[in-house]
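Undergrad: Okay, handing you the structure first.
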Amino acid sequence: MSKLLDLLKPLLKFNYSHPYWVLTITLLVAIVSGFYAIQLKVDTDIANLLPEDHPNVLALDKLNETVGGETDMQVVISSPSFEANKKFAEDLIERSLEMYYPRLEDYYFDRAEFKRETEFTKNNALYLASESELNDVISWLEDEIEQAKEEANPFYFDLGEDEEEAEDTRAEDFEQSYKTLVPSEYPISEDSTIMVVKFFPTGSKSDIKYLEDMFEEYEDVIASLEPASYHPEMEVKFGGRLKRHLEEITSIMDDVIGSFATGISSVILLVMLYFFIKKYLHYRKGTQGEGSYTIWSHFIRMPVPVLVIGIPLLISLVWTFGLTYFYLGILNTMTSVLFVILFGLGIDYGIHFYARYIELRNHGLSVYEAVETTYTKTGEAILVSAFTTATALYILMFADFRGFSEFGFISGTGIMLALVSMLFILPSILVVLDERLNWILISEEDKEVYDGTHRYPFARTIVTVGLVISAVVIGFSGNLSFQYNFGELEPKFPEYEEFRSFARQVEDSDKRNPAYIVAETNEQVEEIANILKERAEADTVSPTIQSVETLQERYPSNEAEEQEKLEKIAKVRELLQDPFLVDRDDEDLDRLRLAAQTTEPVTIDQIPDYLKSRFVTKDGEIGRFVIIYPSVGLSDGRQSIAFKDDVSVVNLDDGSEFYASSTSIVAASMLDLMRTESPYMVAATFIFIYFFMLFSFRSFRWSLIAMLPLLVGLLWLFGIMMIFGFQFNFYNLVVLPAILGIGEDSGVHLAHRYREEGKNSMWQVLSSTGQHITMGSVTTMLGFAGLLFTNHPGLQSIGIMAVIGIGMTLLTSITFLPALIQWLEDKSWIKF
């Protein structure tokens, strides 16, 4: 590393000789980068964290191309009067479809979904029933006739409870299928007091400005209609998942700004206070209290350290996100907070450089001598630390999980650019503020002489206790757990939860979150469906498949199938005319009498719009896809992964391979991929850090010594997690490799400084470098601490993990590592 610094030393001399040129050029580049950086948007869809060529992602893209992926906006109308609700809905639809958006030169909505024309489906429901449903209806009617015949026998005695249960089950199945095909005319709750209207926007949900304008204008539209004039108790809510999407993005952006303000202000205050005290004490000591500058002179110069360290740091951050715009083009939920995190990470190098520079200036060195010596001595430790941290983060780029790979690219690039800024821009600022403007007050003092008699106390006890605690944590490490519940990691929006509780009263089916498999031929559809139905029947240990449906089962695709279905419907009509049923007054039989009226094939155009979207593609053709409904709740990651494993891939006899698709399937694949890759990413980071240490120290012993604070600190982190029940999740796991890269920083600086000073110098090292690493770690923790005050539980967990992890590695660096070195010194096992 020293050779690399020597190679770049001419650049340092240029910075010293031409500081204004350096600052002007770097600021101009920063302005250009900033222009692109502010154009970065945040994608909150965690499903997009999978690689674009992942089979389930490709399947989802194909599904959206085939079926469409429109996100509707819902309006919930509630009052005791059905007629009032209906009248308001009709007026609202008229006004809503007239809403014009000049920015896009289009209307806000292209259509609404409200009244269902159910008369046609009531009279032709059996034509849209599946073959199995038709067969069940025929069997049920035959059993009803047979039962009626037996009951007509004066010697009849009923012992067939099982047969009655089977008949009841068939009747319930028919009723559920009938409700699917022939729902209520209006989307209302059971008591008719709540009504839902759906509107389909023309704009994209990724256009935040469009959503903001739409919802703002929609509030005015509803207010202008005066719901209370329709009914005094009328309540109207609107939004749904589309509004939640906007609220989530707005919340994350507010969290980023809030955490940035909290973290940055805390860091700035801490840096100003630390260097104010440090410099004033140096000045008082060097002048024996007789200096010409008062404490007020030092006080008004408190912002100087912020300028010295902050300017190059901000330049590096703007460069980083400018590059991110060109490389990635967008941020995800995990990387959206990296501006705050990189501020806390990058400032470490500036603190080390500036603190050492001040010490050297107070020891009588000139500006250039102090800059050069700091660059040579402290620069090597900074270089090792930054290279190790950045490369450890760059390792994440090899992950398929984009939460890892994109986090690794941005944070690794940010570290490297912060390193460049601190080594080659910060010196120019020091030259301007110290040598040219005299804004940094220096007093020459003689270098203190340490006699080496001040030992680090209780060395053996601290090492023993540290190792025992670590051993206990390893013994109980099996208690560490993973948070699989997606709902616990998402922000809660009371308005959305209240809206959803209203809207759910209108839903009349337990079939939710289906997965789709898009096939190429009708034969493939049938084969895929049969395979999945066999899995559903065979999966007795942990069943995840509730039902499998295909459109071909319901709507005939050729003339032969049309005739076969018409013949079965005719059979139903014949059974309904049986003397034992023809005059029976029964609700199910009345429905069948209407549903069995079809005598000619039904065309696509005859099917009502509310039902057509379920049966056809965007092009108006019969869709060749299989619908799989889960029997488990998919908010639990383990159940979501189990469902994905059951339905994700279907292999046909001809070798064709088909993948299931849905947002839930993609999210489960993302969680499964992240869970699989994270141990390898952590292990690879550990291995790389160690070999980089070995290369830097050129000593097996010293590389191991410098690594121990990281290893012990990580174990202590796990111990705290077990004590307080803190779990890993797919948010905070991404920061674990970052903690490894950051955590080794303290050990590297202490070990390098100790080797520079020699034996019996640990107390001296702690009084100088120990302060610097404490300040560096605390500022990094403050950078992450801003996430603790966000509304997003996933982002909060990143902050908690980072603050505790960095805190533990700092604690072991200033206790366990010095005690270990002191103990090894006492045993004469230290070699340089």
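Here's how to read the names in the structure tokens: chain A, B, ... by the order shown, residue numbers from 1 in each chain, ligand numbers from 1 in the order shown.
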I'd like the contact shell of Glu247 (chain A) - 12 Å cut-off, only C-alpha atoms, skipping same-chain residues fewer than 3 positions apart - returned as a PyMOL selection string.
TA: chain A and resi 44+205+208+211-212+215+239-244+250-255+491-496+791-792
Undergrad: If you run DSSP on this backbone, which residues of region 464-541 of chain A come out as strand (DSSP E), and could you give them as a list in words?
TA: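 Checking each residue of region 464-541 of chain A, the strand (DSSP E) ones are Ala515, Tyr516, Ile517 and Val518 of chain A.
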Undergrad: Residues of region 442-649 of chain A in alpha helix (DSSP H) according to DSSP, as a PyMOL selection string?
TA: chain A and resi 459-475+494-503+522-538+551-554+559-576+587-595+609-615+637-647
Undergrad: Pick out the closest residue to Ile627 (chain A) from this set: A:Pro514, A:Pro608, A:Gly346, A:Gly719. Count only C-alpha atoms.
TA: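 Among the listed residues, A:Pro514 lies closest to Ile627 (chain A).
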